file final21.txt (compact mmCIF, C-alpha atoms)
# COMPACT_ATOMS: atom_id res chain seq x y z
CA MET P 1 10.24 124.40 47.47
CA SER P 2 10.76 126.78 50.39
CA THR P 3 10.48 123.92 52.88
CA GLY P 4 12.26 121.38 50.67
CA ILE P 5 15.94 120.84 49.98
CA THR P 6 17.66 121.79 46.74
CA ILE P 7 20.89 119.91 46.03
CA ALA P 8 23.49 121.10 43.50
CA LEU P 9 25.41 118.45 41.57
CA SER P 10 27.65 118.41 38.51
CA LYS P 11 27.65 115.88 35.69
CA GLY P 12 30.44 113.37 35.32
CA ARG P 13 32.26 111.17 37.79
CA ILE P 14 31.01 112.92 40.91
CA LEU P 15 27.40 112.59 39.82
CA GLN P 16 27.76 108.91 38.96
CA GLU P 17 29.38 108.16 42.31
CA ALA P 18 26.89 110.30 44.24
CA ILE P 19 23.77 108.64 42.82
CA PRO P 20 24.30 105.39 44.80
CA LEU P 21 24.81 107.40 48.00
CA PHE P 22 21.49 109.18 47.53
CA ALA P 23 19.82 105.91 46.56
CA GLY P 24 21.08 104.39 49.81
CA ALA P 25 19.53 107.33 51.61
CA GLY P 26 16.20 106.59 49.87
CA ILE P 27 16.45 109.47 47.36
CA HIS P 28 16.32 108.62 43.66
CA LEU P 29 16.54 111.07 40.78
CA ALA P 30 13.33 111.02 38.76
CA GLU P 31 15.30 111.22 35.48
CA ASP P 32 18.75 110.24 34.31
CA PRO P 33 20.69 113.54 34.35
CA GLU P 34 23.18 112.21 31.80
CA GLU P 35 20.38 111.81 29.27
CA SER P 36 17.98 114.57 30.28
CA ARG P 37 18.57 118.16 29.14
CA LYS P 38 16.78 119.49 32.21
CA LEU P 39 18.83 121.50 34.69
CA ILE P 40 16.34 121.02 37.53
CA ILE P 41 15.51 117.38 38.18
CA PRO P 42 12.97 116.23 40.78
CA SER P 43 13.52 113.19 42.93
CA THR P 44 11.29 110.43 44.25
CA ASP P 45 11.19 112.41 47.49
CA PRO P 46 8.87 115.39 46.84
CA ALA P 47 10.88 117.46 49.34
CA VAL P 48 14.16 117.07 47.42
CA ARG P 49 15.19 118.34 43.98
CA PHE P 50 18.52 118.51 42.18
CA LEU P 51 20.25 121.23 40.18
CA VAL P 52 22.65 119.92 37.53
CA ILE P 53 25.33 122.58 36.93
CA ARG P 54 29.02 123.04 36.23
CA ALA P 55 31.31 121.66 38.92
CA SER P 56 32.96 125.05 39.45
CA ASP P 57 29.56 126.68 39.99
CA VAL P 58 28.37 124.36 42.78
CA PRO P 59 29.99 126.34 45.64
CA THR P 60 28.58 129.60 44.24
CA TYR P 61 25.02 128.29 44.04
CA VAL P 62 25.26 127.00 47.60
CA THR P 63 26.98 130.10 49.01
CA TRP P 64 24.30 132.40 47.58
CA GLY P 65 21.40 130.16 48.61
CA ALA P 66 20.22 129.05 45.16
CA ALA P 67 20.91 125.55 46.47
CA ASP P 68 20.79 124.45 50.10
CA VAL P 69 23.30 121.66 49.72
CA GLY P 70 25.87 120.66 47.12
CA ILE P 71 28.64 118.24 46.33
CA ALA P 72 31.98 119.71 45.27
CA GLY P 73 35.53 118.44 44.95
CA LYS P 74 38.00 119.70 47.51
CA ASP P 75 40.02 121.13 44.62
CA VAL P 76 37.10 123.37 43.61
CA LEU P 77 36.53 124.48 47.20
CA LEU P 78 40.17 125.36 47.81
CA GLU P 79 40.57 127.17 44.51
CA GLN P 80 37.64 129.52 45.13
CA GLU P 81 38.16 132.22 47.73
CA GLY P 82 35.52 133.87 49.91
CA LEU P 83 33.22 130.87 50.22
CA ASP P 84 30.97 130.93 53.28
CA LEU P 85 29.88 127.32 53.59
CA TYR P 86 29.63 124.48 56.05
CA GLU P 87 31.57 121.42 54.97
CA PRO P 88 30.15 118.71 57.24
CA LEU P 89 31.02 115.53 55.38
CA ASP P 90 33.75 114.00 53.24
CA LEU P 91 31.76 111.73 50.93
CA ARG P 92 34.86 109.78 49.86
CA ILE P 93 33.90 109.90 46.20
CA GLY P 94 35.74 111.43 43.25
CA ILE P 95 38.97 110.34 44.91
CA CYS P 96 42.19 111.41 43.22
CA HIS P 97 45.09 113.68 44.02
CA MET P 98 46.63 116.91 42.79
CA ALA P 99 50.17 116.67 41.52
CA VAL P 100 53.00 118.33 39.65
CA ALA P 101 53.92 116.59 36.40
CA GLU P 102 56.56 117.18 33.75
CA PRO P 103 57.97 115.49 30.62
CA ALA P 104 59.62 112.16 31.38
CA ALA P 105 62.89 113.32 29.80
CA MET P 106 63.01 116.29 32.15
CA ALA P 107 62.10 114.20 35.19
CA ALA P 108 65.03 111.84 34.58
CA ASN P 109 67.47 114.56 35.64
CA ASP P 110 65.23 116.71 37.82
CA ALA P 111 65.23 117.23 41.58
CA PRO P 112 62.04 118.93 42.86
CA GLN P 113 63.74 119.89 46.13
CA SER P 114 66.16 122.08 44.15
CA TRP P 115 63.48 124.10 42.32
CA GLU P 116 63.86 127.86 42.67
CA ARG P 117 61.64 129.11 39.88
CA VAL P 118 59.04 127.21 37.84
CA ARG P 119 56.63 127.96 35.02
CA ILE P 120 53.41 126.04 35.59
CA ALA P 121 50.31 125.55 33.47
CA THR P 122 47.21 124.80 35.54
CA LYS P 123 43.52 125.45 36.06
CA TYR P 124 44.29 125.84 39.78
CA PRO P 125 46.39 129.04 40.03
CA HIS P 126 45.41 129.81 43.64
CA ILE P 127 46.31 126.35 44.96
CA THR P 128 49.46 126.23 42.85
CA ARG P 129 50.68 129.65 43.96
CA HIS P 130 50.06 128.86 47.63
CA TYR P 131 51.81 125.49 47.40
CA PHE P 132 54.97 126.79 45.78
CA HIS P 133 55.03 129.93 47.90
CA SER P 134 55.03 127.74 51.02
CA ARG P 135 58.18 126.08 49.64
CA GLY P 136 59.85 129.35 48.73
CA VAL P 137 59.69 128.63 45.00
CA GLN P 138 58.93 131.49 42.62
CA THR P 139 56.20 130.68 40.11
CA GLU P 140 55.08 131.91 36.73
CA ILE P 141 51.56 130.56 36.36
CA ILE P 142 49.68 130.15 33.09
CA LYS P 143 45.99 129.46 33.62
CA LEU P 144 44.38 126.95 31.29
CA TYR P 145 40.90 125.44 31.32
CA GLY P 146 41.71 122.06 29.80
CA SER P 147 44.20 119.90 27.88
CA MET P 148 46.82 120.64 30.51
CA GLU P 149 49.11 117.88 29.26
CA LEU P 150 49.65 119.74 25.99
CA ALA P 151 51.38 122.73 27.61
CA PRO P 152 54.82 121.13 28.22
CA LEU P 153 54.74 119.40 24.84
CA VAL P 154 54.55 122.69 22.92
CA GLY P 155 56.74 124.78 25.22
CA LEU P 156 53.97 126.78 26.87
CA ALA P 157 55.09 125.69 30.33
CA ASP P 158 57.74 123.46 31.86
CA ARG P 159 55.38 121.63 34.16
CA ILE P 160 51.70 121.28 34.99
CA VAL P 161 49.63 121.04 38.14
CA ASP P 162 46.52 118.95 37.67
CA LEU P 163 44.34 116.23 39.15
CA VAL P 164 45.63 112.69 38.72
CA SER P 165 43.53 109.56 39.03
CA SER P 166 44.99 106.58 37.18
CA GLY P 167 47.85 108.52 35.61
CA ARG P 168 46.99 107.12 32.18
CA THR P 169 46.56 110.52 30.51
CA LEU P 170 49.95 111.67 31.77
CA LYS P 171 51.61 108.51 30.50
CA GLU P 172 49.99 108.72 27.07
CA ASN P 173 51.36 112.25 26.68
CA GLY P 174 54.87 111.47 27.84
CA LEU P 175 54.52 113.09 31.27
CA VAL P 176 55.29 111.72 34.70
CA GLU P 177 54.17 112.78 38.15
CA VAL P 178 57.05 114.19 40.16
CA GLU P 179 55.37 115.56 43.28
CA GLU P 180 52.02 115.09 44.99
CA ILE P 181 50.43 118.26 46.34
CA MET P 182 47.39 116.90 48.16
CA PRO P 183 44.73 114.16 48.16
CA ILE P 184 41.35 115.17 46.76
CA SER P 185 37.82 113.90 47.38
CA SER P 186 34.31 115.32 47.10
CA ARG P 187 32.64 117.03 50.04
CA LEU P 188 29.07 117.79 51.04
CA VAL P 189 28.69 121.55 51.44
CA VAL P 190 25.77 123.38 53.06
CA ASN P 191 24.50 126.94 52.90
CA ARG P 192 24.76 128.58 56.35
CA ALA P 193 21.29 130.14 56.32
CA ALA P 194 19.72 126.89 55.11
CA MET P 195 21.42 125.04 57.96
CA LYS P 196 19.53 127.25 60.39
CA LEU P 197 16.19 127.37 58.60
CA LYS P 198 16.11 123.70 57.52
CA ARG P 199 18.29 122.19 60.21
CA ARG P 200 16.19 119.10 60.87
CA ALA P 201 15.92 118.09 57.22
CA ILE P 202 19.56 118.83 56.39
CA GLU P 203 20.92 117.07 59.46
CA ALA P 204 18.80 114.04 58.57
CA LEU P 205 20.25 114.09 55.05
CA ILE P 206 23.78 114.33 56.42
CA ARG P 207 23.20 111.33 58.70
CA GLN P 208 21.70 109.31 55.85
CA LEU P 209 24.59 110.05 53.50
CA GLU P 210 27.18 109.48 56.21
CA ALA P 211 25.79 105.98 56.69
CA GLN P 212 26.52 105.28 53.01
CA VAL P 213 30.10 106.55 52.99
CA THR P 214 32.80 103.94 52.68
CA PRO P 215 35.36 104.34 55.50
call {"tool": "encode", "arguments": {"input": "final21.txt", "output": "structure tokens"}}
result
Amino acid sequence: MSTGITIALSKGRILQEAIPLFAGAGIHLAEDPEESRKLIIPSTDPAVRFLVIRASDVPTYVTWGAADVGIAGKDVLLEQEGLDLYEPLDLRIGICHMAVAEPAAMAANDAPQSWERVRIATKYPHITRHYFHSRGVQTEIIKLYGSMELAPLVGLADRIVDLVSSGRTLKENGLVEVEEIMPISSRLVVNRAAMKLKRRAIEALIRQLEAQVTP
């Protein structure tokens, strides 16, 4: 595979939305990654294979050269520090936004512009700290890995910072969005050494995927 391209993907929404982009570029996965237990999946193009890994690990695999190319959400890329990657293309998939949410009863009498100190539960401590620091708001951050909506309901935190798509999960747990932090989408990332050694193949892949991206 030294002359081929290895692409890192994660299961879930990003994978499902990326498959049509690769198909449009003439690259089809040889197996359904949602059903297969394999972590390395070949494609119909003998020069391309896929690694199926955790979303948070995609930038690491690409940075260290275990994968030449990957697809990662902007949230994952911003949360991890010290990444040395090219980010040549916004694929416009996995679209959502990052927001601050709190219980509806609190929001009824709350004014985000008056916040001075907040206690936040989130899986994005770096992004959260930077955002509130830029506003001059002191933060006490509690890092969680899931079920963020539970934190305000049991008194662990006053508010949460999380990704929001439809907002249904917030609503079902009595929370409301009170402030948007940033829009999020998934990006194509490329290892710097691979970009030099496999420039022709990677640039061709970028052009093919770019042609599939919805404006």
call {"tool": "closest_residue", "arguments": {"input": "final21.txt", "among": "P:Arg54, P:His130, P:His97, P:Lys143", "to": "Leu15 in chain P", "atoms": "only C-alpha atoms"}}
result
P:Arg54
call {"tool": "residues_around", "arguments": {"input": "final21.txt", "residues": "range 23-39 of chain P", "least_positions_apart": "6", "cutoff": "6 Å", "atoms": "all atoms listed in the file", "output": "ChimeraX atom specification"}}
result
/P:51-52,208
call {"tool": "closest_residue", "arguments": {"input": "final21.txt", "among": "P:Arg200, P:Arg129, P:Arg207, P:Arg135", "to": "Ser114 in chain P", "atoms": "all atoms listed in the file"}}
result
P:Arg135
call {"tool": "closest_residue", "arguments": {"input": "final21.txt", "among": "P:Val161, P:Ile19, P:Val137, P:Val178", "to": "Trp115 in chain P", "atoms": "only C-alpha atoms"}}
result
P:Val137
call {"tool": "closest_residue", "arguments": {"input": "final21.txt", "among": "P:Met98, P:Arg49, P:Leu85, P:Pro42", "to": "Gly167 in chain P", "atoms": "all atoms listed in the file"}}
result
P:Met98
call {"tool": "closest_residue", "arguments": {"input": "final21.txt", "among": "P:Glu17, P:Glu102, P:Glu210, P:Asp110", "to": "Leu170 in chain P", "atoms": "all atoms listed in the file"}}
result
P:Glu102
call {"tool": "atom_distance", "arguments": {"input": "final21.txt", "atom1": "CA of Ala121 in chain P", "atom2": "CA of Val100 in chain P"}}
result
9.9 Å
call {"tool": "atom_distance", "arguments": {"input": "final21.txt", "atom1": "CA of Asn191 in chain P", "atom2": "CA of Thr60 in chain P"}}
result
9.9 Å
call {"tool": "closest_residue", "arguments": {"input": "final21.txt", "among": "P:Leu205, P:Ala108, P:Ala101, P:Leu188", "to": "Asn173 in chain P", "atoms": "only C-alpha atoms"}}
result
P:Ala101
call {"tool": "residues_around", "arguments": {"input": "final21.txt", "residues": "Val213 in chain P", "least_positions_apart": "2", "cutoff": "10 Å", "atoms": "all atoms listed in the file", "output": "number ranges by chain"}}
result
P: 21, 24, 89-93, 208-211, 215
call {"tool": "residues_around", "arguments": {"input": "final21.txt", "residues": "Arg192 in chain P", "least_positions_apart": "4", "cutoff": "12 Å", "atoms": "all atoms listed in the file", "output": "ChimeraX atom specification"}}
result
/P:62-65,67-69,83-88,196-199,202
call {"tool": "atom_distance", "arguments": {"input": "final21.txt", "atom1": "CA of Ile120 in chain P", "atom2": "CA of Ala107 in chain P"}}
result
14.7 Å
call {"tool": "residues_around", "arguments": {"input": "final21.txt", "residues": "Lys171 in chain P", "least_positions_apart": "6", "cutoff": "10 Å", "atoms": "all atoms listed in the file", "output": "PDB file with C-alpha atoms, in the coordinates of the input"}}
result
ATOM      1  CA  PRO P 103      57.970 115.490  30.620  1.00  0.00           C
ATOM      2  CA  ALA P 104      59.620 112.160  31.380  1.00  0.00           C
ATOM      3  CA  GLU P 149      49.110 117.880  29.260  1.00  0.00           C
ATOM      4  CA  GLU P 177      54.170 112.780  38.150  1.00  0.00           C
TER       5      GLU P 177
END
call {"tool": "residues_around", "arguments": {"input": "final21.txt", "residues": "Val58 in chain P", "least_positions_apart": "3", "cutoff": "8 Å", "atoms": "only C-alpha atoms", "output": "ChimeraX atom specification"}}
result
/P:8-10,53-55,61-62,70-72
call {"tool": "residues_near_point", "arguments": {"input": "final21.txt", "point": "(42.5, 129.0, 46.1)", "cutoff": "9 Å", "atoms": "all atoms listed in the file", "output": "JSON, numbers by chain"}}
result
{"P": [75, 76, 77, 78, 79, 80, 81, 124, 125, 126, 127, 128, 129, 130]}
call {"tool": "decode", "arguments": {"input": "final21.txt", "residues": "range 156-199 of chain P", "atoms": "N, CA and C atoms", "output": "tab-separated table (two decimals), in the first residue's frame"}}
result
chain	number	residue	atom	x	y	z
P	156	LEU	N	-25.18	18.58	38.14
P	156	LEU	CA	-23.73	18.48	37.92
P	156	LEU	C	-23.17	19.77	37.32
P	157	ALA	N	-23.94	20.41	36.47
P	157	ALA	CA	-23.53	21.66	35.84
P	157	ALA	C	-24.77	22.51	35.58
P	158	ASP	N	-24.56	23.80	35.40
P	158	ASP	CA	-25.68	24.69	35.10
P	158	ASP	C	-26.06	24.62	33.63
P	159	ARG	N	-25.04	24.47	32.80
P	159	ARG	CA	-25.26	24.52	31.36
P	159	ARG	C	-24.37	23.48	30.69
P	160	ILE	N	-24.61	23.27	29.39
P	160	ILE	CA	-23.78	22.36	28.62
P	160	ILE	C	-23.34	23.05	27.33
P	161	VAL	N	-22.22	22.57	26.81
P	161	VAL	CA	-21.80	22.94	25.46
P	161	VAL	C	-21.73	21.65	24.67
P	162	ASP	N	-22.48	21.59	23.57
P	162	ASP	CA	-22.53	20.36	22.80
P	162	ASP	C	-22.92	20.68	21.36
P	163	LEU	N	-22.82	19.64	20.51
P	163	LEU	CA	-23.26	19.79	19.13
P	163	LEU	C	-24.78	19.69	19.07
P	164	VAL	N	-25.38	20.51	18.22
P	164	VAL	CA	-26.83	20.52	18.05
P	164	VAL	C	-27.13	20.36	16.57
P	165	SER	N	-28.00	19.41	16.27
P	165	SER	CA	-28.44	19.23	14.88
P	165	SER	C	-29.90	19.65	14.76
P	166	SER	N	-30.81	18.77	15.12
P	166	SER	CA	-32.24	19.11	15.06
P	166	SER	C	-32.72	19.80	16.33
P	167	GLY	N	-32.00	19.59	17.43
P	167	GLY	CA	-32.43	20.15	18.71
P	167	GLY	C	-33.42	19.26	19.44
P	168	ARG	N	-33.75	18.12	18.87
P	168	ARG	CA	-34.75	17.23	19.46
P	168	ARG	C	-34.31	16.68	20.82
P	169	THR	N	-33.03	16.29	20.93
P	169	THR	CA	-32.55	15.72	22.19
P	169	THR	C	-32.61	16.76	23.31
P	170	LEU	N	-32.25	18.00	22.99
P	170	LEU	CA	-32.35	19.06	23.99
P	170	LEU	C	-33.80	19.21	24.46
P	171	LYS	N	-34.70	19.28	23.51
P	171	LYS	CA	-36.11	19.49	23.83
P	171	LYS	C	-36.66	18.36	24.69
P	172	GLU	N	-36.31	17.13	24.36
P	172	GLU	CA	-36.83	15.98	25.10
P	172	GLU	C	-36.31	15.94	26.53
P	173	ASN	N	-35.21	16.65	26.80
P	173	ASN	CA	-34.65	16.68	28.14
P	173	ASN	C	-34.84	18.03	28.83
P	174	GLY	N	-35.76	18.82	28.30
P	174	GLY	CA	-36.11	20.07	28.95
P	174	GLY	C	-35.08	21.16	28.85
P	175	LEU	N	-34.19	21.07	27.83
P	175	LEU	CA	-33.16	22.08	27.65
P	175	LEU	C	-33.46	22.93	26.41
P	176	VAL	N	-32.91	24.13	26.40
P	176	VAL	CA	-33.05	24.99	25.23
P	176	VAL	C	-31.69	25.59	24.89
P	177	GLU	N	-31.48	25.80	23.62
P	177	GLU	CA	-30.25	26.45	23.17
P	177	GLU	C	-30.34	27.94	23.46
P	178	VAL	N	-29.29	28.49	24.06
P	178	VAL	CA	-29.31	29.92	24.39
P	178	VAL	C	-28.23	30.71	23.67
P	179	GLU	N	-27.24	30.02	23.11
P	179	GLU	CA	-26.19	30.74	22.40
P	179	GLU	C	-25.46	29.80	21.45
P	180	GLU	N	-25.31	30.22	20.20
P	180	GLU	CA	-24.55	29.42	19.24
P	180	GLU	C	-23.08	29.83	19.31
P	181	ILE	N	-22.20	28.83	19.35
P	181	ILE	CA	-20.77	29.10	19.40
P	181	ILE	C	-20.17	29.13	18.00
P	182	MET	N	-20.48	28.12	17.19
P	182	MET	CA	-19.92	28.09	15.84
P	182	MET	C	-20.64	27.04	15.00
P	183	PRO	N	-20.65	27.23	13.66
P	183	PRO	CA	-21.15	26.17	12.77
P	183	PRO	C	-20.09	25.07	12.65
P	184	ILE	N	-20.54	23.85	12.43
P	184	ILE	CA	-19.65	22.71	12.32
P	184	ILE	C	-19.97	21.92	11.05
P	185	SER	N	-18.92	21.47	10.37
P	185	SER	CA	-19.07	20.54	9.26
P	185	SER	C	-17.82	19.67	9.22
P	186	SER	N	-17.83	18.66	8.36
P	186	SER	CA	-16.70	17.73	8.30
P	186	SER	C	-15.72	18.14	7.21
P	187	ARG	N	-14.43	17.99	7.52
P	187	ARG	CA	-13.38	18.43	6.62
P	187	ARG	C	-12.52	17.25	6.16
P	188	LEU	N	-11.99	17.39	4.95
P	188	LEU	CA	-10.97	16.45	4.48
P	188	LEU	C	-9.64	16.92	5.02
P	189	VAL	N	-8.90	16.02	5.68
P	189	VAL	CA	-7.58	16.37	6.21
P	189	VAL	C	-6.54	15.46	5.58
P	190	VAL	N	-5.33	15.99	5.41
P	190	VAL	CA	-4.28	15.27	4.69
P	190	VAL	C	-2.97	15.34	5.46
P	191	ASN	N	-2.28	14.22	5.54
P	191	ASN	CA	-0.96	14.17	6.15
P	191	ASN	C	0.03	14.97	5.30
P	192	ARG	N	0.88	15.76	5.93
P	192	ARG	CA	1.78	16.64	5.19
P	192	ARG	C	2.80	15.87	4.36
P	193	ALA	N	3.38	14.82	4.94
P	193	ALA	CA	4.36	14.03	4.19
P	193	ALA	C	3.70	13.33	3.01
P	194	ALA	N	2.49	12.80	3.23
P	194	ALA	CA	1.78	12.11	2.15
P	194	ALA	C	1.47	13.07	1.01
P	195	MET	N	1.19	14.33	1.36
P	195	MET	CA	0.88	15.32	0.32
P	195	MET	C	2.06	15.53	-0.60
P	196	LYS	N	3.28	15.36	-0.07
P	196	LYS	CA	4.47	15.51	-0.89
P	196	LYS	C	4.77	14.23	-1.67
P	197	LEU	N	4.67	13.10	-0.99
P	197	LEU	CA	5.04	11.83	-1.61
P	197	LEU	C	3.99	11.30	-2.58
P	198	LYS	N	2.72	11.63	-2.32
P	198	LYS	CA	1.62	11.11	-3.13
P	198	LYS	C	0.77	12.25	-3.69
P	199	ARG	N	1.44	13.34	-4.02
P	199	ARG	CA	0.74	14.55	-4.41
P	199	ARG	C	-0.25	14.34	-5.55
